[in-house]
>>> print(open('my_file-v5.cif').read())   # mmCIF, C-alpha atoms
data_work
#
loop_
_atom_site.label_atom_id
_atom_site.label_comp_id
_atom_site.auth_asym_id
_atom_site.auth_seq_id
_atom_site.Cartn_x
_atom_site.Cartn_y
_atom_site.Cartn_z
CA MET A 164 -35.83 -28.75 2.82
CA LEU A 165 -37.42 -25.40 2.01
CA LYS A 166 -40.90 -24.86 3.49
CA CYS A 167 -43.77 -22.93 1.92
CA ARG A 168 -43.33 -20.31 4.63
CA ASP A 169 -39.70 -19.81 3.56
CA LEU A 170 -40.69 -19.45 -0.06
CA VAL A 171 -43.33 -16.86 0.78
CA ASN A 172 -40.80 -14.95 2.87
CA GLN A 173 -38.33 -14.93 0.01
CA ALA A 174 -40.83 -14.37 -2.80
CA ASP A 175 -40.16 -10.63 -2.51
CA LEU A 176 -36.54 -11.16 -3.53
CA LEU A 177 -37.68 -12.96 -6.67
CA ILE A 178 -40.26 -10.28 -7.46
CA ASP A 179 -37.64 -7.55 -7.06
CA GLY A 180 -35.08 -9.40 -9.18
CA ALA A 181 -32.61 -9.37 -6.28
CA GLU A 182 -29.34 -11.25 -6.65
CA LEU A 183 -29.58 -14.67 -5.05
CA ARG A 184 -26.84 -17.14 -4.26
CA PRO A 185 -27.04 -20.07 -6.73
CA GLY A 186 -27.84 -22.52 -3.91
CA ARG A 187 -30.77 -20.46 -2.73
CA ARG A 188 -32.09 -19.94 -6.23
CA LEU A 189 -31.94 -23.69 -6.83
CA ALA A 190 -33.81 -24.42 -3.58
CA LEU A 191 -36.55 -21.95 -4.48
CA ARG A 192 -36.88 -23.40 -7.95
CA ALA A 193 -37.01 -26.96 -6.61
CA HIS A 194 -39.77 -26.01 -4.17
CA LEU A 195 -41.77 -24.26 -6.89
CA LEU A 196 -41.58 -27.38 -9.06
CA ILE A 197 -43.39 -29.46 -6.46
CA CYS A 198 -45.72 -26.89 -4.83
CA ARG A 199 -48.64 -25.50 -6.80
CA HIS A 200 -49.79 -23.32 -3.87
CA CYS A 201 -46.49 -21.50 -3.84
CA ARG A 202 -46.47 -21.20 -7.63
CA ARG A 203 -49.86 -19.58 -7.36
CA TYR A 204 -48.72 -17.29 -4.55
CA LEU A 205 -45.70 -16.12 -6.51
CA ARG A 206 -47.62 -15.63 -9.76
CA GLN A 207 -50.36 -13.63 -8.05
CA LEU A 208 -47.99 -11.56 -5.95
CA ASP A 209 -46.13 -10.67 -9.14
CA ALA A 210 -49.41 -9.67 -10.82
CA LEU A 211 -50.39 -7.66 -7.76
CA THR A 212 -47.18 -5.62 -7.68
CA ASP A 213 -47.61 -5.00 -11.43
CA HIS A 214 -51.13 -3.81 -10.73
CA LEU A 215 -49.89 -1.42 -8.06
CA HIS A 216 -47.26 0.07 -10.37
CA GLN A 217 -48.88 3.37 -11.35
CA PRO A 218 -46.43 6.26 -11.31
CA PRO A 219 -48.53 9.43 -11.53
CA PRO A 220 -48.69 11.28 -14.88
CA PRO A 221 -46.85 14.62 -15.42
CA LEU A 222 -48.18 17.80 -13.85
CA ASN A 223 -50.40 20.06 -15.97
CA GLU A 224 -49.03 23.35 -17.26
CA ARG A 225 -50.91 25.63 -14.88
CA ASP A 226 -49.80 23.82 -11.71
CA THR A 227 -46.25 23.54 -13.04
CA ARG A 228 -46.18 27.31 -13.48
CA ALA A 229 -47.51 27.79 -9.95
CA VAL A 230 -44.70 25.68 -8.46
CA LEU A 231 -42.08 27.53 -10.52
CA GLU A 232 -43.40 30.94 -9.55
CA ARG A 233 -42.94 30.18 -5.88
CA LEU A 234 -39.45 28.97 -6.75
CA GLU A 235 -38.34 32.03 -8.67
CA PRO A 236 -40.69 34.82 -7.58
CA ARG A 237 -38.77 37.63 -9.22
CA ARG A 238 -39.45 36.51 -12.79
CA MET B 174 -38.74 4.18 -12.19
CA ALA B 175 -37.12 7.46 -13.05
CA ILE B 176 -37.94 9.27 -16.29
CA PRO B 177 -34.89 8.66 -18.57
CA GLU B 178 -34.99 12.10 -20.28
CA LEU B 179 -34.75 13.79 -16.89
CA GLU B 180 -31.74 11.74 -15.82
CA SER B 181 -29.30 12.24 -18.72
CA PRO B 182 -25.96 14.00 -18.08
CA GLU B 183 -26.89 16.65 -20.69
CA PHE B 184 -30.14 17.42 -18.90
CA LEU B 185 -28.30 17.69 -15.59
CA ASP B 186 -25.82 20.14 -17.13
CA ARG B 187 -28.71 22.32 -18.32
CA LEU B 188 -30.25 22.25 -14.85
CA ARG B 189 -26.99 23.14 -13.15
CA ALA B 190 -26.51 26.03 -15.57
CA GLY B 191 -29.91 27.41 -14.52
CA ASP B 192 -31.79 26.55 -17.73
CA ARG B 193 -35.38 27.59 -17.08
CA ASP B 194 -36.90 25.12 -19.57
CA ALA B 195 -35.05 22.23 -17.99
CA LEU B 196 -36.33 23.21 -14.56
CA THR B 197 -39.87 23.37 -15.96
CA GLU B 198 -39.53 19.85 -17.39
CA LEU B 199 -38.15 18.59 -14.09
CA VAL B 200 -41.05 20.01 -12.08
CA ARG B 201 -43.62 18.80 -14.61
CA GLY B 202 -42.20 15.26 -14.60
CA TYR B 203 -41.38 14.70 -10.96
CA HIS B 204 -43.68 16.92 -8.90
CA PRO B 205 -46.60 14.42 -8.95
CA ARG B 206 -44.34 11.59 -7.79
CA LEU B 207 -42.83 13.67 -5.01
CA LEU B 208 -46.31 14.70 -3.95
CA ALA B 209 -47.46 11.06 -3.91
CA THR B 210 -44.48 10.23 -1.70
CA ALA B 211 -45.25 13.07 0.71
CA ARG B 212 -48.94 12.11 0.74
CA THR B 213 -48.06 8.69 2.18
CA LEU B 214 -46.96 10.49 5.36
CA LEU B 215 -48.80 13.82 5.51
CA SER B 216 -52.22 15.36 5.00
CA PRO B 217 -52.81 16.74 1.47
CA ALA B 218 -52.14 20.35 2.53
CA ASP B 219 -49.01 19.46 4.52
CA ALA B 220 -47.76 17.32 1.66
CA GLU B 221 -48.07 20.26 -0.77
CA GLU B 222 -46.10 22.41 1.63
CA ALA B 223 -43.40 19.78 2.16
CA VAL B 224 -42.90 19.31 -1.59
CA GLN B 225 -42.83 23.06 -2.23
CA ASP B 226 -40.19 23.46 0.52
CA ALA B 227 -38.28 20.55 -0.98
CA TRP B 228 -38.26 22.23 -4.40
CA ILE B 229 -36.86 25.39 -2.84
CA ALA B 230 -34.12 23.42 -1.09
CA ALA B 231 -33.37 21.39 -4.23
CA HIS B 232 -33.32 24.47 -6.46
CA ARG B 233 -30.74 26.05 -4.18
CA ALA B 234 -28.61 22.90 -4.01
CA LEU B 235 -28.83 21.98 -7.72
CA PRO B 236 -25.63 23.76 -8.85
CA ARG B 237 -23.73 21.58 -6.39
CA PHE B 238 -25.57 18.31 -7.16
CA GLN B 239 -22.92 15.77 -8.18
CA GLY B 240 -25.16 13.29 -9.95
CA ARG B 241 -23.96 10.36 -7.87
CA SER B 242 -27.56 9.18 -7.51
CA ALA B 243 -30.50 9.63 -9.87
CA LEU B 244 -32.17 13.05 -9.62
CA LEU B 245 -35.42 11.37 -8.61
CA THR B 246 -33.66 9.56 -5.74
CA TRP B 247 -32.06 12.80 -4.59
CA LEU B 248 -35.33 14.76 -4.79
CA THR B 249 -37.29 12.02 -3.03
CA ARG B 250 -34.78 12.07 -0.20
CA ILE B 251 -35.18 15.82 0.19
CA VAL B 252 -38.99 15.45 0.24
CA ILE B 253 -38.86 12.73 2.87
CA ASN B 254 -36.57 14.81 5.05
CA GLN B 255 -39.00 17.73 4.76
CA ALA B 256 -41.90 15.44 5.62
CA ARG B 257 -40.06 14.01 8.61
CA MET B 258 -39.31 17.52 9.86
CA GLN B 259 -43.00 18.40 9.64
CA LEU B 260 -43.93 15.20 11.45
CA ARG B 261 -41.41 15.90 14.19
CA ARG B 262 -42.92 19.34 14.74
CA GLY B 263 -46.22 17.54 15.37
CA GLY B 264 -44.53 15.08 17.70
CA ARG B 265 -44.53 12.14 15.26
CA GLU B 266 -41.66 9.95 14.12
CA ILE B 267 -41.51 7.20 11.52
CA PRO B 268 -39.78 4.21 13.05
CA PHE B 269 -38.03 1.83 10.67
CA ASP B 270 -37.79 -0.92 13.22
CA PRO B 271 -40.03 -3.70 11.90
CA THR B 272 -40.64 -5.22 15.33
CA GLU B 273 -43.23 -2.55 16.12
CA ASP B 274 -45.73 -2.96 13.35
CA GLY B 275 -48.03 -5.88 14.04
CA GLY B 276 -46.38 -8.81 12.27
CA ASP B 277 -47.12 -10.74 9.11
CA ALA B 278 -50.70 -10.84 7.78
CA LEU B 279 -50.15 -14.25 6.21
CA ASP B 280 -48.88 -15.98 9.38
CA HIS B 281 -52.22 -17.59 10.23
CA ARG B 282 -52.42 -19.23 6.82
CA PHE B 283 -49.52 -21.58 7.58
CA LYS B 284 -49.34 -24.70 9.74
CA PRO B 285 -46.73 -24.73 12.49
CA GLY B 286 -44.50 -26.90 10.26
CA GLY B 287 -44.37 -24.16 7.61
CA HIS B 288 -46.74 -25.60 4.99
CA TRP B 289 -49.89 -23.88 3.77
CA ARG B 290 -52.94 -24.41 5.97
CA ASP B 291 -55.07 -22.04 3.89
CA PRO B 292 -53.45 -21.64 0.46
CA PRO B 293 -54.15 -18.65 -1.80
CA ARG B 294 -57.30 -18.70 -3.98
CA HIS B 295 -56.89 -18.44 -7.70
CA TRP B 296 -57.42 -14.94 -9.02
CA ASP B 297 -56.51 -12.93 -12.08
CA LEU B 298 -56.37 -9.15 -11.82
CA THR B 299 -56.50 -8.71 -15.60
CA GLY B 300 -59.29 -11.13 -16.52
CA PRO B 301 -62.93 -10.35 -17.38
CA ASP B 302 -64.12 -10.91 -13.79
CA ALA B 303 -61.56 -8.42 -12.56
CA LEU B 304 -62.80 -5.82 -15.05
CA LEU B 305 -66.29 -6.09 -13.60
CA THR B 306 -65.11 -5.41 -10.06
CA ARG B 307 -62.25 -3.06 -10.90
CA ASP B 308 -63.64 -0.01 -9.11
CA GLU B 309 -64.51 -1.94 -5.94
CA LEU B 310 -61.05 -3.50 -5.89
CA GLN B 311 -59.39 -0.12 -6.38
CA HIS B 312 -61.46 1.36 -3.57
CA CYS B 313 -60.58 -1.54 -1.28
CA LEU B 314 -56.88 -1.25 -2.18
CA GLU B 315 -56.85 2.44 -1.35
CA LYS B 316 -58.57 1.82 1.97
CA ASN B 317 -56.07 -0.87 2.91
CA LEU B 318 -53.06 1.11 1.75
CA ALA B 319 -54.21 3.97 3.96
CA ALA B 320 -54.47 1.57 6.92
CA LEU B 321 -50.87 0.31 6.60
CA PRO B 322 -48.35 1.56 9.15
CA ASP B 323 -46.54 4.67 7.81
CA ASN B 324 -43.23 2.90 7.25
CA GLN B 325 -44.80 0.00 5.31
CA ARG B 326 -46.94 2.33 3.18
CA LEU B 327 -43.90 4.41 2.31
CA LEU B 328 -41.88 1.34 1.28
CA LEU B 329 -44.74 0.06 -0.88
CA GLN B 330 -45.28 3.48 -2.46
CA LEU B 331 -41.62 3.89 -3.38
CA ARG B 332 -40.95 0.32 -4.49
CA ASP B 333 -44.19 -0.97 -6.02
CA VAL B 334 -46.24 2.10 -6.96
CA GLN B 335 -43.35 4.23 -8.23
CA GLY B 336 -40.90 1.44 -9.05
CA LEU B 337 -37.79 2.93 -7.43
CA ASP B 338 -34.77 0.71 -7.09
CA PHE B 339 -34.65 -1.20 -3.77
CA ASP B 340 -31.10 -0.07 -2.91
CA ALA B 341 -31.97 3.54 -3.75
CA ILE B 342 -34.90 3.31 -1.33
CA CYS B 343 -32.63 2.09 1.50
CA HIS B 344 -30.38 5.07 0.79
CA ILE B 345 -33.32 7.51 0.69
CA LEU B 346 -34.74 6.27 4.00
CA GLU B 347 -31.37 5.59 5.66
CA VAL B 348 -32.65 2.16 6.60
CA SER B 349 -30.81 -1.17 6.47
CA ALA B 350 -31.64 -3.52 3.60
CA SER B 351 -32.77 -6.22 6.03
CA ASN B 352 -35.24 -3.91 7.81
CA ALA B 353 -36.53 -2.58 4.49
CA ARG B 354 -37.00 -6.17 3.27
CA VAL B 355 -39.10 -7.09 6.30
CA LEU B 356 -41.26 -3.96 6.00
CA LEU B 357 -41.80 -4.42 2.27
CA HIS B 358 -42.69 -8.08 2.76
CA ARG B 359 -45.21 -7.23 5.47
CA ALA B 360 -46.80 -4.51 3.37
CA ARG B 361 -47.16 -6.87 0.41
CA ALA B 362 -48.43 -9.70 2.63
CA ARG B 363 -51.20 -7.47 3.95
CA ILE B 364 -52.23 -6.31 0.52
CA PHE B 365 -52.08 -9.87 -0.82
CA GLN B 366 -54.26 -11.06 2.05
CA MET B 367 -56.74 -8.28 1.34
CA VAL B 368 -56.97 -9.03 -2.40
CA ASP B 369 -57.29 -12.76 -1.69
CA HIS B 370 -60.18 -12.07 0.68
CA PHE B 371 -61.78 -9.65 -1.79
CA GLN B 372 -61.57 -12.14 -4.64
CA GLU B 373 -63.20 -14.86 -2.57
CA THR B 374 -65.94 -12.89 -0.88
CA GLY B 375 -66.37 -9.78 -3.03
CA GLU B 376 -66.08 -7.85 0.21
CA CYS B 377 -63.39 -5.48 1.31
#
>>> encode(input="my_file-v5.cif", output="structure tokens")
Amino acid sequence: MLKCRDLVNQADLLIDGAELRPGRRLALRAHLLICRHCRRYLRQLDALTDHLHQPPPPLNERDTRAVLERLEPRR
Amino acid sequence: MAIPELESPEFLDRLRAGDRDALTELVRGYHPRLLATARTLLSPADAEEAVQDAWIAAHRALPRFQGRSALLTWLTRIVINQARMQLRRGGREIPFDPTEDGGDALDHRFKPGGHWRDPPRHWDLTGPDALLTRDELQHCLEKNLAALPDNQRLLLQLRDVQGLDFDAICHILEVSASNARVLLHRARARIFQMVDHFQETGEC
């Protein structure tokens, strides 16, 4: 029987959409059906990784030019 | 996640042919991400230098780039190698062996049998309460991210902040999937623990 500790250890695979063997997926799902603490953990971890997802915006024109000038100084 | 327009075969052809506009678009789109990656390991000034050196190396190697990985993956790998070289000059290494980094921040919240002793509080990062404390939370997150071991911070930056593919990250860092899994889990566990504490107490 899957323990909460096991679910928490494997929650990252679910968050990352990793491929899971059908047996393992079933065990995780069965545990989540009966355990509200783990449902909460998974939901909030998912929200947290979404919150962290902030790829920086593109570089402004002036700084872009500065990088390029050091790349191709002759131009 | 990579920027789709910068990863198309047509764009790559333009880059390989030395198209100046394509190079400008590439730098504009990816420089901030590469800098964020370097900043997880180096001081701001050293990170700038590492990324600039990486651009020089990449620019030279571009005509021979085969496109077997995404450009962003390839560039990130070059940046990390530059950063590692700089670290080595200062006598530092980044170990990817998860046994050396202080364990799992959630361990104490479980009973020996593996059930929750201290289950997570309910919180909602997008709700009205969260809006009121958004700046404090952000500040606390940044502080805790900075306190992570280098290898965990790097994994979290690449996977969760930038959204790179997990397998691509293993390739970039030349680390086994099982080690990367442990490091990523520990990084997330620490940040989860921190947010849980913040939501309950309002303190960082």
>>> closest_residue(input="my_file-v5.cif", among="A:Arg225, A:His216, A:Arg184, A:Arg192", to="chain B", atoms="all atoms listed in the file")
A:His216
>>> residues_around(input="my_file-v5.cif", residues="region 171-175 of chain A", least_positions_apart="6", cutoff="12 Å", atoms="all atoms listed in the file", output="PyMOL selection string")
(chain A and resi 165+181-183+187-188+190-192+194-195+198+200-209+211-212) or (chain B and resi 277-280+282-283+287-289+292-293+329+332-333+339+351+353-362+365)
>>> axis_aligned_box(input="my_file-v5.cif", around="region 239-252 of chain B", padding_each_side="8 Å", output="lines of an AutoDock Vina configuration file")
center_x = -31.0
center_y = 12.5
center_z = -4.9
size_x = 32.1
size_y = 22.6
size_z = 26.2
>>> residues_around(input="my_file-v5.cif", residues="Pro219 (chain A)", least_positions_apart="4", cutoff="9 Å", atoms="only C-alpha atoms", output="VMD selection string")
chain B and resid 203 205 to 206 209 334 to 335
>>> atom_distance(input="my_file-v5.cif", atom1="CA of Glu315 (chain B)", atom2="CA of Ala303 (chain B)")
16.3 Å
>>> closest_residue(input="my_file-v5.cif", among="A:Leu176, A:Leu189, A:Cys167, A:Ile197", to="chain B", atoms="all atoms listed in the file")
A:Cys167
>>> atom_distance(input="my_file-v5.cif", atom1="CA of Ala227 (chain B)", atom2="CA of Leu248 (chain B)")
7.5 Å
>>> residues_near_point(input="my_file-v5.cif", point="(-39.9, 7.9, 10.9)", cutoff="10 Å", atoms="all atoms listed in the file", output="mmCIF file with C-alpha atoms, keeping the file's coordinate frame")
data_model
loop_
_atom_site.group_PDB
_atom_site.id
_atom_site.type_symbol
_atom_site.label_atom_id
_atom_site.label_comp_id
_atom_site.auth_asym_id
_atom_site.auth_seq_id
_atom_site.Cartn_x
_atom_site.Cartn_y
_atom_site.Cartn_z
ATOM 1 C CA LEU B 214 -46.960 10.490 5.360
ATOM 2 C CA ILE B 253 -38.860 12.730 2.870
ATOM 3 C CA ASN B 254 -36.570 14.810 5.050
ATOM 4 C CA ALA B 256 -41.900 15.440 5.620
ATOM 5 C CA ARG B 257 -40.060 14.010 8.610
ATOM 6 C CA MET B 258 -39.310 17.520 9.860
ATOM 7 C CA LEU B 260 -43.930 15.200 11.450
ATOM 8 C CA ARG B 261 -41.410 15.900 14.190
ATOM 9 C CA ARG B 265 -44.530 12.140 15.260
ATOM 10 C CA GLU B 266 -41.660 9.950 14.120
ATOM 11 C CA ILE B 267 -41.510 7.200 11.520
ATOM 12 C CA PRO B 268 -39.780 4.210 13.050
ATOM 13 C CA PHE B 269 -38.030 1.830 10.670
ATOM 14 C CA ASP B 270 -37.790 -0.920 13.220
ATOM 15 C CA ASP B 323 -46.540 4.670 7.810
ATOM 16 C CA ASN B 324 -43.230 2.900 7.250
ATOM 17 C CA LEU B 346 -34.740 6.270 4.000
#
>>> closest_residue(input="my_file-v5.cif", among="B:Ala234, B:Leu245, B:Val252, B:Leu318", to="Asp219 (chain B)", atoms="only C-alpha atoms")
B:Val252
>>> closest_residue(input="my_file-v5.cif", among="B:Asp308, B:Glu221, B:Asp302, B:Glu178", to="chain A", atoms="only C-alpha atoms")
B:Glu221
>>> resolve_selection(input="my_file-v5.cif", expression="the PyMOL selection byres ((chain B and resi 377) around 12)", output="number ranges by chain")
B: 306, 308-317, 364, 366-376
>>> resolve_selection(input="my_file-v5.cif", expression="the PyMOL selection byres ((chain B and resi 176) around 10)", output="PyMOL selection string")
chain B and resi 174-175+177-181+199+202-203+243-245
>>> write_last_selection(input="my_file-v5.cif", atoms="C-alpha atoms", output="mmCIF file, keeping the file's coordinate frame")
data_model
loop_
_atom_site.group_PDB
_atom_site.id
_atom_site.type_symbol
_atom_site.label_atom_id
_atom_site.label_comp_id
_atom_site.auth_asym_id
_atom_site.auth_seq_id
_atom_site.Cartn_x
_atom_site.Cartn_y
_atom_site.Cartn_z
ATOM 1 C CA MET B 174 -38.740 4.180 -12.190
ATOM 2 C CA ALA B 175 -37.120 7.460 -13.050
ATOM 3 C CA PRO B 177 -34.890 8.660 -18.570
ATOM 4 C CA GLU B 178 -34.990 12.100 -20.280
ATOM 5 C CA LEU B 179 -34.750 13.790 -16.890
ATOM 6 C CA GLU B 180 -31.740 11.740 -15.820
ATOM 7 C CA SER B 181 -29.300 12.240 -18.720
ATOM 8 C CA LEU B 199 -38.150 18.590 -14.090
ATOM 9 C CA GLY B 202 -42.200 15.260 -14.600
ATOM 10 C CA TYR B 203 -41.380 14.700 -10.960
ATOM 11 C CA ALA B 243 -30.500 9.630 -9.870
ATOM 12 C CA LEU B 244 -32.170 13.050 -9.620
ATOM 13 C CA LEU B 245 -35.420 11.370 -8.610
#
>>> residues_near_point(input="my_file-v5.cif", point="(-48.2, 25.0, -12.4)", cutoff="12 Å", atoms="all atoms listed in the file", output="NGL selection string")
(:A and (221-234)) or (:B and (197-198 or 200-202 or 204-205 or 225))
>>> atom_distance(input="my_file-v5.cif", atom1="CA of Asp169 (chain A)", atom2="CA of Leu196 (chain A)")
14.8 Å
>>> closest_residue(input="my_file-v5.cif", among="B:Ser242, B:Thr249, B:Thr210, B:Gln325", to="chain A", atoms="all atoms listed in the file")
B:Thr210
>>> residues_around(input="my_file-v5.cif", residues="Glu235 (chain A)", least_positions_apart="6", cutoff="10 Å", atoms="all atoms listed in the file", output="list of chain:residue names")
B:Arg193, B:Ile229, B:His232
>>> residues_around(input="my_file-v5.cif", residues="Phe238 (chain B)", least_positions_apart="6", cutoff="10 Å", atoms="all atoms listed in the file", output="list in words")
Leu185, Leu188, Arg189, Ala231, His232, Leu244 and Trp247 of chain B
>>> closest_residue(input="my_file-v5.cif", among="A:Ala210, A:Met164, A:Pro185, A:Ala193", to="chain B", atoms="only C-alpha atoms")
A:Ala210
>>> build_atoms(input="my_file-v5.cif", residues="region 216-235 of chain A", atoms="N, CA and C atoms", output="PDB file, in the frame of the given file")
ATOM      1  N   HIS A 216     -48.226  -0.826  -9.738  1.00  0.00           N
ATOM      2  CA  HIS A 216     -47.260   0.070 -10.370  1.00  0.00           C
ATOM      3  C   HIS A 216     -47.971   1.123 -11.223  1.00  0.00           C
ATOM      4  N   GLN A 217     -48.183   2.295 -10.656  1.00  0.00           N
ATOM      5  CA  GLN A 217     -48.880   3.370 -11.350  1.00  0.00           C
ATOM      6  C   GLN A 217     -48.227   4.709 -11.035  1.00  0.00           C
ATOM      7  N   PRO A 218     -47.027   4.958 -11.574  1.00  0.00           N
ATOM      8  CA  PRO A 218     -46.430   6.260 -11.310  1.00  0.00           C
ATOM      9  C   PRO A 218     -47.348   7.353 -11.854  1.00  0.00           C
ATOM     10  N   PRO A 219     -47.563   8.430 -11.089  1.00  0.00           N
ATOM     11  CA  PRO A 219     -48.530   9.430 -11.530  1.00  0.00           C
ATOM     12  C   PRO A 219     -48.075  10.155 -12.807  1.00  0.00           C
ATOM     13  N   PRO A 220     -49.028  10.582 -13.641  1.00  0.00           N
ATOM     14  CA  PRO A 220     -48.690  11.280 -14.880  1.00  0.00           C
ATOM     15  C   PRO A 220     -48.102  12.669 -14.594  1.00  0.00           C
ATOM     16  N   PRO A 221     -47.463  13.300 -15.619  1.00  0.00           N
ATOM     17  CA  PRO A 221     -46.850  14.620 -15.420  1.00  0.00           C
ATOM     18  C   PRO A 221     -47.870  15.659 -14.966  1.00  0.00           C
ATOM     19  N   LEU A 222     -47.346  16.703 -14.356  1.00  0.00           N
ATOM     20  CA  LEU A 222     -48.180  17.800 -13.850  1.00  0.00           C
ATOM     21  C   LEU A 222     -48.689  18.641 -15.027  1.00  0.00           C
ATOM     22  N   ASN A 223     -49.905  19.189 -14.900  1.00  0.00           N
ATOM     23  CA  ASN A 223     -50.400  20.060 -15.970  1.00  0.00           C
ATOM     24  C   ASN A 223     -49.657  21.405 -15.961  1.00  0.00           C
ATOM     25  N   GLU A 224     -49.834  22.137 -17.040  1.00  0.00           N
ATOM     26  CA  GLU A 224     -49.030  23.350 -17.260  1.00  0.00           C
ATOM     27  C   GLU A 224     -49.277  24.420 -16.187  1.00  0.00           C
ATOM     28  N   ARG A 225     -50.544  24.579 -15.831  1.00  0.00           N
ATOM     29  CA  ARG A 225     -50.910  25.630 -14.880  1.00  0.00           C
ATOM     30  C   ARG A 225     -50.266  25.379 -13.504  1.00  0.00           C
ATOM     31  N   ASP A 226     -50.371  24.143 -13.026  1.00  0.00           N
ATOM     32  CA  ASP A 226     -49.800  23.820 -11.710  1.00  0.00           C
ATOM     33  C   ASP A 226     -48.275  23.862 -11.748  1.00  0.00           C
ATOM     34  N   THR A 227     -47.703  23.473 -12.904  1.00  0.00           N
ATOM     35  CA  THR A 227     -46.250  23.540 -13.040  1.00  0.00           C
ATOM     36  C   THR A 227     -45.797  24.996 -12.883  1.00  0.00           C
ATOM     37  N   ARG A 228     -46.531  25.889 -13.563  1.00  0.00           N
ATOM     38  CA  ARG A 228     -46.180  27.310 -13.480  1.00  0.00           C
ATOM     39  C   ARG A 228     -46.289  27.817 -12.040  1.00  0.00           C
ATOM     40  N   ALA A 229     -47.311  27.346 -11.344  1.00  0.00           N
ATOM     41  CA  ALA A 229     -47.510  27.790  -9.950  1.00  0.00           C
ATOM     42  C   ALA A 229     -46.335  27.369  -9.067  1.00  0.00           C
ATOM     43  N   VAL A 230     -45.846  26.141  -9.253  1.00  0.00           N
ATOM     44  CA  VAL A 230     -44.700  25.680  -8.460  1.00  0.00           C
ATOM     45  C   VAL A 230     -43.473  26.531  -8.792  1.00  0.00           C
ATOM     46  N   LEU A 231     -43.262  26.783 -10.098  1.00  0.00           N
ATOM     47  CA  LEU A 231     -42.080  27.530 -10.520  1.00  0.00           C
ATOM     48  C   LEU A 231     -42.115  28.978 -10.018  1.00  0.00           C
ATOM     49  N   GLU A 232     -43.313  29.553  -9.996  1.00  0.00           N
ATOM     50  CA  GLU A 232     -43.400  30.940  -9.550  1.00  0.00           C
ATOM     51  C   GLU A 232     -43.001  31.093  -8.094  1.00  0.00           C
ATOM     52  N   ARG A 233     -43.350  30.105  -7.301  1.00  0.00           N
ATOM     53  CA  ARG A 233     -42.940  30.180  -5.880  1.00  0.00           C
ATOM     54  C   ARG A 233     -41.447  29.899  -5.726  1.00  0.00           C
ATOM     55  N   LEU A 234     -40.872  29.292  -6.781  1.00  0.00           N
ATOM     56  CA  LEU A 234     -39.450  28.970  -6.750  1.00  0.00           C
ATOM     57  C   LEU A 234     -38.602  30.161  -7.147  1.00  0.00           C
ATOM     58  N   GLU A 235     -39.088  30.891  -8.149  1.00  0.00           N
ATOM     59  CA  GLU A 235     -38.340  32.030  -8.670  1.00  0.00           C
ATOM     60  C   GLU A 235     -39.258  33.229  -8.748  1.00  0.00           C
TER      61      GLU A 235
END
